[in-house]
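See below for structure.cif, which holds mmCIF, C-alpha atoms.
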data_entry
#
loop_
_atom_site.label_atom_id
_atom_site.label_comp_id
_atom_site.auth_asym_id
_atom_site.auth_seq_id
_atom_site.Cartn_x
_atom_site.Cartn_y
_atom_site.Cartn_z
CA MET T 182 32.54 -5.71 20.76
CA GLN T 183 30.33 -7.35 23.38
CA ALA T 184 32.27 -5.57 26.12
CA ASP T 185 31.67 -2.22 24.41
CA MET T 186 27.95 -3.03 24.12
CA ALA T 187 27.73 -4.00 27.79
CA ASN T 188 29.55 -0.82 28.77
CA ALA T 189 27.17 1.31 26.69
CA GLU T 190 24.16 -0.45 28.22
CA ALA T 191 25.54 0.20 31.71
CA HIS T 192 25.93 3.89 30.89
CA ALA T 193 22.39 4.01 29.45
CA ILE T 194 20.96 2.51 32.64
CA ASP T 195 22.98 4.97 34.71
CA TRP T 196 21.63 7.93 32.72
CA LEU T 197 18.07 6.62 33.08
CA ILE T 198 18.40 6.28 36.85
CA ARG T 199 19.99 9.72 37.21
CA GLN T 200 17.22 11.35 35.19
CA ARG T 201 14.64 10.13 37.70
CA ASP T 202 16.12 12.57 40.21
CA PRO T 203 14.06 15.82 40.07
CA ALA T 204 17.33 17.72 40.59
CA PHE T 205 18.99 16.20 37.53
CA ASP T 206 20.30 18.95 35.23
CA ASP T 207 23.15 17.37 33.25
CA TRP T 208 21.26 17.32 29.96
CA ASP T 209 24.28 18.63 28.07
CA GLY T 210 26.36 15.72 29.38
CA PHE T 211 23.61 13.31 28.35
CA ALA T 212 23.50 14.87 24.86
CA ASP T 213 27.30 14.59 24.56
CA TRP T 214 27.15 10.89 25.47
CA LEU T 215 24.46 10.28 22.85
CA ALA T 216 26.56 12.07 20.23
CA GLU T 217 29.69 10.00 20.94
CA ASN T 218 28.35 7.01 19.05
CA PRO T 219 25.21 6.54 16.89
CA GLU T 220 24.59 3.27 18.76
CA HIS T 221 24.18 5.10 22.09
CA ASN T 222 20.82 6.53 21.07
CA ALA T 223 19.44 3.13 20.07
CA ILE T 224 20.76 1.50 23.25
CA TYR T 225 19.31 4.21 25.45
CA ASP T 226 15.91 4.03 23.73
CA ALA T 227 15.89 0.23 24.15
CA VAL T 228 16.69 0.53 27.87
CA ALA T 229 14.11 3.28 28.36
CA SER T 230 11.44 1.31 26.48
CA LEU T 231 12.13 -1.80 28.57
CA ASP T 232 11.93 0.30 31.73
CA HIS T 233 8.59 1.72 30.62
CA ASP T 234 7.26 -1.71 29.72
CA LEU T 235 8.25 -3.10 33.14
CA ASP T 236 6.54 -0.19 34.87
CA ALA T 237 3.42 -0.91 32.85
CA LEU T 238 3.16 -4.55 33.84
CA SER T 239 0.25 -5.46 36.07
CA ALA T 240 -0.49 -8.56 38.12
CA GLY T 241 -3.30 -9.53 35.76
CA PRO T 242 -3.11 -11.09 32.29
CA LYS T 243 -1.03 -9.20 29.77
CA PRO T 244 -3.28 -7.13 27.48
CA SER T 245 -2.87 -7.60 23.75
CA VAL T 246 -2.50 -3.85 23.33
CA VAL T 247 -1.18 -1.26 25.77
CA ILE T 248 -1.44 2.49 25.33
CA ILE T 249 1.14 4.85 26.81
CA ALA T 250 0.42 8.58 26.91
CA ASP T 251 3.55 10.60 26.30
CA THR T 252 4.15 14.21 27.16
CA PRO T 253 5.70 16.13 24.25
CA ARG T 254 9.47 15.83 24.35
CA ARG T 255 11.32 19.12 23.92
CA PRO T 256 15.07 18.72 23.25
CA SER T 257 17.59 21.41 24.15
CA ARG T 258 19.43 23.27 21.41
CA ARG T 259 22.40 20.92 21.87
CA ALA T 260 20.49 17.70 22.43
CA TRP T 261 18.25 17.53 19.35
CA PHE T 262 20.69 15.32 17.46
CA GLY T 263 20.51 12.72 20.22
CA GLY T 264 17.08 11.45 19.15
CA ALA T 265 14.18 10.63 21.43
CA MET T 266 14.73 11.18 25.15
CA ALA T 267 12.89 9.34 27.87
CA ALA T 268 9.18 10.20 27.75
CA ALA T 269 7.36 11.33 30.86
CA LEU T 270 4.74 8.62 31.11
CA VAL T 271 1.29 9.38 32.35
CA GLY T 272 0.40 5.69 32.52
CA ALA T 273 -0.06 2.42 30.71
CA ILE T 274 -3.63 1.21 30.37
CA SER T 275 -5.29 -1.59 28.49
CA LEU T 276 -7.18 -0.11 25.54
CA SER T 277 -10.07 -2.47 26.04
CA SER T 278 -10.50 -1.33 29.65
CA LEU T 279 -10.89 2.26 28.45
CA GLY T 280 -13.31 1.32 25.73
CA LEU T 281 -11.18 3.04 23.11
CA PHE T 282 -11.77 0.33 20.56
CA GLY T 283 -15.53 0.82 20.35
CA ASN T 284 -17.10 -0.50 17.18
CA ASP T 285 -14.57 0.89 14.75
CA GLY T 286 -11.36 0.53 16.76
CA ARG T 287 -10.27 4.14 16.27
CA ILE T 288 -7.76 5.99 18.40
CA ARG T 289 -7.68 9.76 18.05
CA THR T 290 -5.01 12.13 19.31
CA GLU T 291 -5.42 15.85 19.81
CA ALA T 292 -3.00 18.34 18.24
CA GLY T 293 0.21 18.25 20.25
CA GLU T 294 -0.70 14.95 21.96
CA HIS T 295 1.56 11.91 21.53
CA ARG T 296 0.68 8.32 22.36
CA THR T 297 2.51 5.02 22.20
CA ILE T 298 0.78 1.70 21.60
CA ALA T 299 2.64 -1.45 22.65
CA LEU T 300 1.37 -4.58 20.91
CA SER T 301 1.52 -8.07 22.39
CA ASP T 302 4.02 -9.28 19.76
CA GLY T 303 6.57 -6.69 20.88
CA SER T 304 5.81 -4.22 18.08
CA LYS T 305 5.18 -0.58 18.96
CA ILE T 306 3.29 2.29 17.32
CA GLU T 307 4.07 5.89 18.24
CA ILE T 308 1.24 8.23 17.24
CA ASN T 309 1.72 11.93 16.59
CA GLY T 310 -0.92 14.55 17.40
CA ALA T 311 -4.05 15.22 15.34
CA SER T 312 -4.00 11.64 14.06
CA VAL T 313 -6.54 8.86 13.66
CA ILE T 314 -5.39 5.25 13.69
CA GLU T 315 -7.41 2.06 13.67
CA ILE T 316 -6.21 -1.16 15.25
CA ASP T 317 -7.94 -4.42 15.99
CA GLU T 318 -7.52 -6.12 19.35
CA ASP T 319 -7.85 -9.47 17.59
CA ARG T 320 -5.36 -8.56 14.82
CA PRO T 321 -2.15 -7.34 16.49
CA ARG T 322 -0.30 -7.48 13.15
CA PHE T 323 -2.50 -4.84 11.49
CA ALA T 324 -3.05 -1.08 11.71
CA ARG T 325 -4.77 1.51 9.55
CA LEU T 326 -3.63 5.13 9.60
CA GLU T 327 -6.65 7.15 8.53
CA SER T 328 -4.99 10.53 8.95
CA GLY T 329 -2.01 12.12 10.64
CA GLU T 330 1.32 10.50 11.42
CA ALA T 331 2.71 7.44 13.17
CA MET T 332 6.06 5.72 13.64
CA PHE T 333 5.97 1.92 13.49
CA HIS T 334 8.57 -0.30 15.20
CA VAL T 335 7.80 -3.78 13.96
CA VAL T 336 8.97 -7.16 15.17
CA HIS T 337 9.21 -9.23 12.01
CA ARG T 338 7.52 -12.60 11.65
CA ASP T 339 7.84 -14.58 8.42
CA ASP T 340 4.53 -16.31 9.01
CA ALA T 341 2.59 -13.11 9.79
CA PRO T 342 3.75 -9.89 8.10
CA PHE T 343 2.76 -6.64 9.79
CA VAL T 344 0.46 -4.67 7.48
CA VAL T 345 -0.23 -0.94 7.60
CA GLU T 346 -3.04 0.43 5.45
CA THR T 347 -3.50 4.11 4.63
CA GLY T 348 -5.63 5.59 1.88
CA ASP T 349 -5.73 2.92 -0.81
CA ALA T 350 -2.17 1.82 -0.08
CA LYS T 351 -0.76 -1.15 1.79
CA ILE T 352 2.65 -1.18 3.49
CA VAL T 353 4.10 -4.55 4.51
CA ASP T 354 7.07 -4.81 6.85
CA LEU T 355 10.05 -7.00 6.26
CA GLY T 356 11.40 -6.36 9.79
CA THR T 357 11.76 -2.63 10.26
CA ALA T 358 11.02 0.81 11.68
CA PHE T 359 9.26 3.33 9.48
CA ASN T 360 7.27 6.56 9.63
CA VAL T 361 4.00 7.12 7.76
CA VAL T 362 2.18 10.41 7.15
CA ARG T 363 -1.32 10.62 5.71
CA ARG T 364 -2.51 14.08 4.67
CA ASP T 365 -4.80 15.53 2.01
CA ARG T 366 -5.04 12.38 -0.14
CA GLN T 367 -1.30 11.94 0.02
CA THR T 368 0.88 9.33 1.74
CA SER T 369 4.52 9.65 2.78
CA VAL T 370 6.64 6.71 3.92
CA ALA T 371 10.19 6.93 5.29
CA VAL T 372 12.23 3.97 6.53
CA SER T 373 14.84 4.22 9.29
CA GLU T 374 15.56 0.51 9.79
CA GLY T 375 15.09 -2.66 7.75
CA ILE T 376 12.83 -2.93 4.71
CA VAL T 377 9.19 -2.31 3.81
CA LEU T 378 7.24 -3.22 0.70
CA TYR T 379 4.81 -0.63 -0.62
CA ASN T 380 1.69 -2.04 -2.31
CA PRO T 381 2.97 -5.60 -2.81
CA ASP T 382 -0.05 -6.40 -5.00
CA ARG T 383 0.51 -3.45 -7.34
CA GLU T 384 3.63 -1.28 -7.58
CA LYS T 385 5.76 -3.56 -5.35
CA VAL T 386 8.10 -0.73 -4.35
CA ARG T 387 10.84 -1.91 -1.99
CA LEU T 388 12.11 0.65 0.53
CA VAL T 389 15.25 0.09 2.57
CA ALA T 390 16.60 2.20 5.43
CA GLY T 391 17.33 5.74 4.29
CA LYS T 392 14.70 5.69 1.55
CA GLY T 393 11.21 7.16 1.29
CA ILE T 394 8.34 7.93 -1.07
CA GLU T 395 5.65 10.56 -1.53
CA VAL T 396 2.50 9.25 -3.21
CA ARG T 397 -0.68 11.08 -4.15
CA ASP T 398 -3.94 9.17 -4.48
CA GLY T 399 -4.68 8.37 -8.09
CA ASP T 400 -1.07 8.51 -9.29
CA ARG T 401 -0.74 6.15 -12.25
CA LYS T 402 3.02 5.90 -12.17
CA PRO T 403 4.94 4.02 -9.47
CA PRO T 404 6.26 6.35 -6.76
CA VAL T 405 9.81 7.61 -7.09
CA VAL T 406 12.08 6.36 -4.30
CA GLN T 407 14.01 9.21 -2.68
CA ASP T 408 16.85 9.48 -0.18
CA VAL T 409 15.84 10.50 3.34
CA ASP T 410 17.91 11.37 6.39
CA VAL T 411 17.65 8.34 8.69
CA ALA T 412 18.28 10.52 11.74
CA GLY T 413 15.27 12.65 10.83
CA VAL T 414 12.79 9.80 10.33
CA GLY T 415 10.20 10.08 13.09
CA GLY T 416 12.07 13.10 14.45
CA TRP T 417 8.76 14.57 15.64
CA ARG T 418 9.03 12.24 18.65
CA SER T 419 11.95 14.26 20.00
CA GLY T 420 10.84 17.66 18.73
CA LEU T 421 12.98 17.67 15.58
CA LEU T 422 11.39 18.30 12.18
CA VAL T 423 13.65 17.96 9.12
CA TYR T 424 12.70 19.28 5.68
CA ASN T 425 14.16 19.34 2.20
CA GLY T 426 12.35 21.96 0.13
CA THR T 427 8.95 21.41 1.79
CA PRO T 428 6.10 23.93 1.26
CA LEU T 429 5.53 26.16 4.28
CA ALA T 430 1.89 25.04 4.43
CA ILE T 431 3.02 21.48 5.20
CA VAL T 432 5.50 22.73 7.80
CA ALA T 433 2.65 24.63 9.45
CA GLU T 434 0.51 21.47 9.41
CA ASP T 435 3.34 19.51 11.04
CA LEU T 436 3.75 22.12 13.77
CA LYS T 437 0.06 21.92 14.57
CA ARG T 438 0.08 18.13 14.67
CA THR T 439 3.30 17.74 16.63
CA ALA T 440 3.17 20.72 19.00
CA GLY T 441 -0.38 22.10 18.80
CA MET T 442 0.95 25.34 17.29
CA GLN T 443 -1.37 27.45 15.13
CA VAL T 444 0.60 28.77 12.17
CA SER T 445 -0.92 30.17 8.98
CA ILE T 446 0.79 31.26 5.77
CA ALA T 447 -0.07 34.57 4.12
CA PRO T 448 -0.95 34.36 0.39
CA GLN T 449 2.22 36.22 -0.58
CA ALA T 450 4.32 33.56 1.18
CA SER T 451 2.37 30.52 0.00
CA ASP T 452 4.89 29.69 -2.72
CA LEU T 453 7.84 29.52 -0.32
CA SER T 454 9.43 26.28 0.84
CA PHE T 455 11.57 25.36 3.81
CA ARG T 456 14.84 23.47 3.93
CA GLY T 457 16.63 22.55 7.14
CA ALA T 458 16.05 21.30 10.68
CA LEU T 459 13.46 22.93 12.91
CA ILE T 460 13.56 22.35 16.66
CA ILE T 461 10.33 22.62 18.63
CA ASP T 462 11.49 24.69 21.55
CA LYS T 463 9.73 24.95 24.89
CA ASN T 464 9.48 28.63 24.04
CA ARG T 465 7.28 28.44 20.95
CA ASN T 466 8.16 32.02 20.00
CA ARG T 467 11.72 30.82 19.48
CA THR T 468 10.56 28.04 17.17
CA ILE T 469 8.56 30.50 15.07
CA ALA T 470 11.47 32.93 15.01
CA ASP T 471 13.75 30.16 13.71
CA LEU T 472 11.23 29.16 11.05
CA ALA T 473 10.80 32.75 9.88
CA ALA T 474 14.55 33.41 9.77
CA LEU T 475 15.33 30.21 7.87
CA SER T 476 12.44 30.53 5.41
CA GLY T 477 12.92 34.22 4.62
CA THR T 478 9.57 35.25 6.09
CA ARG T 479 8.33 37.52 8.87
CA ALA T 480 6.32 36.09 11.76
CA GLU T 481 3.46 38.10 13.27
CA ARG T 482 1.12 37.23 16.09
CA GLN T 483 -2.39 36.27 15.00
CA GLY T 484 -4.77 35.45 17.83
CA GLU T 485 -3.40 32.40 19.67
CA GLY T 486 -0.97 31.66 16.86
CA TRP T 487 1.20 33.23 14.20
CA ILE T 488 1.10 34.15 10.53
CA LEU T 489 4.12 34.05 8.23
CA THR T 490 4.35 36.82 5.67
CA ARG T 491 7.01 38.13 3.31
#

Please, can you express the file's structure as structure tokens?
Amino acid sequence: MQADMANAEAHAIDWLIRQRDPAFDDWDGFADWLAENPEHNAIYDAVASLDHDLDALSAGPKPSVVIIADTPRRPSRRAWFGGAMAAALVGAISLSSLGLFGNDGRIRTEAGEHRTIALSDGSKIEINGASVIEIDEDRPRFARLESGEAMFHVVHRDDAPFVVETGDAKIVDLGTAFNVVRRDRQTSVAVSEGIVLYNPDREKVRLVAGKGIEVRDGDRKPPVVQDVDVAGVGGWRSGLLVYNGTPLAIVAEDLKRTAGMQVSIAPQASDLSFRGALIIDKNRNRTIADLAALSGTRAERQGEGWILTR
């Protein structure tokens, strides 16, 4: 088992080194290697993250929070199932040196912009576009998602649980990776690894990997735990959006947040929902064409964006 792990790590490092070559074009081979074993994706991401962290190290004291600006990752038609590929990093900069904390500690992303925040305890927050998140330089085990979407990769500590607040809800990690969406007085949580506890002081809903909830502010009943596709949790990071009967209006909101795409829904199509996997292609027209074909709508150009009609 250890030999297999070492071999997979060696292959991951080899792929990472090869991808640094501007002439590298074996993306299909890379996708095939990822698909051979579910563990390959996790191993590659770990190697890539370590590589990024080493590149970000400076000679000075280690900052308590590091921000990494990612370029949007656009998977090929064959590679989407492989998960997140190596991000093209613009840089790693101490948040305090940029003055991004200010008085309220807010970090804002524009539509289509992705950022990664590396905390001093080893935890990591990946922020989707059009999002607002609040962190505290003096409280590395806390974050508040005011709006938008973020993927949390948490290093568990029994003596200091990591707490995420959003709306009037509190999410406490029990050693895990989970995605949170905050939109229109509604919160969605999906867990890909480990366990989280939703509102430990009230509903005390326990979510394990492969489970999720949708909660609207003011709901009096505890949220219903639902099955989610683990492979699709946080899929926005690699350009993969997975839906199971989701209203088209929410799909359009996700496209704007993740890819900066302007999509509106005509009144006659407002009652339609979408089920399936949507890949954000480099050619946005292709993405819209896929969405229209799979949702039974017709896509028309509207200014800088599109409108979906019946």

Would you write out, as a Markdown table, a table of all residues in range 348-370 of chain T that have an atom no more than 12 Å from an atom of range 432-440 of chain T, listing for each the closest atom pair and the distance in Å to one decimal, considering only C-alpha atoms and ordering rows by chain and rising residue number?
| residue | atom | partner | partner_atom | distance |
| --- | --- | --- | --- | --- |
| T:Val362 | CA | T:Asp435 | CA | 10.0 |
| T:Arg363 | CA | T:Asp435 | CA | 11.4 |
| T:Arg364 | CA | T:Glu434 | CA | 9.3 |
| T:Asp365 | CA | T:Glu434 | CA | 10.9 |

Contacts of Ala324 in chain T within 7 Å, all atoms listed in the file, excl. fewer than 3 positions in-chain, as a ChimeraX atom specification: /T:315-316,344-346

Just to be explicit: take each residue in the selection above, keep C-alpha atoms, and write the result as an mmCIF file, in the frame of the given file.
data_model
loop_
_atom_site.group_PDB
_atom_site.id
_atom_site.type_symbol
_atom_site.label_atom_id
_atom_site.label_comp_id
_atom_site.auth_asym_id
_atom_site.auth_seq_id
_atom_site.Cartn_x
_atom_site.Cartn_y
_atom_site.Cartn_z
ATOM 1 C CA GLU T 315 -7.410 2.060 13.670
ATOM 2 C CA ILE T 316 -6.210 -1.160 15.250
ATOM 3 C CA VAL T 344 0.460 -4.670 7.480
ATOM 4 C CA VAL T 345 -0.230 -0.940 7.600
ATOM 5 C CA GLU T 346 -3.040 0.430 5.450
#

Within-8 Å shell of (-2.8, 28.7, 18.5) in input frame, only C-alpha atoms, as a PDB file with C-alpha atoms, keeping the file's coordinate frame:
ATOM      1  CA  GLY T 441      -0.380  22.100  18.800  1.00  0.00           C
ATOM      2  CA  MET T 442       0.950  25.340  17.290  1.00  0.00           C
ATOM      3  CA  GLN T 443      -1.370  27.450  15.130  1.00  0.00           C
ATOM      4  CA  VAL T 444       0.600  28.770  12.170  1.00  0.00           C
ATOM      5  CA  GLY T 484      -4.770  35.450  17.830  1.00  0.00           C
ATOM      6  CA  GLU T 485      -3.400  32.400  19.670  1.00  0.00           C
ATOM      7  CA  GLY T 486      -0.970  31.660  16.860  1.00  0.00           C
ATOM      8  CA  TRP T 487       1.200  33.230  14.200  1.00  0.00           C
TER       9      TRP T 487
END

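Closest approach to Glu217 in chain T among T:Val336, T:Ile314, T:Ala189, T:Ala473: T:Ala189, based on all atoms listed in the file.
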
Would you write out, as a PDB file with C-alpha atoms, in the coordinates of the input, every residue that the PyMOL selection byres ((chain T and resi 417) around 9) captures in this file?
ATOM      1  CA  ARG T 254       9.470  15.830  24.350  1.00  0.00           C
ATOM      2  CA  ALA T 265      14.180  10.630  21.430  1.00  0.00           C
ATOM      3  CA  ASN T 309       1.720  11.930  16.590  1.00  0.00           C
ATOM      4  CA  GLY T 413      15.270  12.650  10.830  1.00  0.00           C
ATOM      5  CA  VAL T 414      12.790   9.800  10.330  1.00  0.00           C
ATOM      6  CA  GLY T 415      10.200  10.080  13.090  1.00  0.00           C
ATOM      7  CA  GLY T 416      12.070  13.100  14.450  1.00  0.00           C
ATOM      8  CA  ARG T 418       9.030  12.240  18.650  1.00  0.00           C
ATOM      9  CA  SER T 419      11.950  14.260  20.000  1.00  0.00           C
ATOM     10  CA  GLY T 420      10.840  17.660  18.730  1.00  0.00           C
ATOM     11  CA  LEU T 421      12.980  17.670  15.580  1.00  0.00           C
ATOM     12  CA  LEU T 422      11.390  18.300  12.180  1.00  0.00           C
ATOM     13  CA  VAL T 423      13.650  17.960   9.120  1.00  0.00           C
ATOM     14  CA  ASP T 435       3.340  19.510  11.040  1.00  0.00           C
ATOM     15  CA  THR T 439       3.300  17.740  16.630  1.00  0.00           C
ATOM     16  CA  ALA T 440       3.170  20.720  19.000  1.00  0.00           C
ATOM     17  CA  ILE T 461      10.330  22.620  18.630  1.00  0.00           C
TER      18      ILE T 461
END

Atomic separation - CA of Pro342 in chain T relative to CA of Asp354 in chain T, Å: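 Result for CA of Asp354 in chain T versus CA of Pro342 in chain T: 6.2 Å, one decimal.
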
The PyMOL selection byres ((chain T and resi 476) around 10) resolved against shown file, as a PyMOL selection string: chain T and resi 429+450+453-457+470-475+477-479+489+491

Near-Gly356 in chain T list (8 Å; all atoms listed in the file; drop same-chain fewer than 2 positions) as number ranges by chain: T: 335-338, 354, 358, 375-377

Option closest in space to Asp319 in chain T, from T:Gly348, T:Gly426, T:Gly286, T:Gly399 [counting only C-alpha atoms]: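 Smallest distance to Asp319 in chain T is found for T:Gly286.
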
Atom-to-atom span, CA of Val409 in chain T and CA of Leu459 in chain T, Å: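 Straight-line distance from CA of Val409 in chain T to CA of Leu459 in chain T works out to 15.9 Å.
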
Separation of CA of Gln200 in chain T from CA of His295 in chain T, in Å and rounded to one decimal: 20.8 Å

Residue nearest Leu215 in chain T among T:Ala193, T:Leu300, T:Leu355, T:Ile198 (counting only C-alpha atoms): T:Ala193

Hits from the PyMOL selection byres ((chain T and resi 192) around 12), listed as a list in words: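 Checking the PyMOL selection byres ((chain T and resi 192) around 12) against this file, the residues are Asp185, Met186, Ala187, Asn188, Ala189, Glu190, Ala191, Ala193, Ile194, Asp195, Trp196, Leu197, Ile198, Arg199, Gly210, Phe211, Trp214, Leu215, His221, Asn222, Ile224, Tyr225 and Val228 of chain T.
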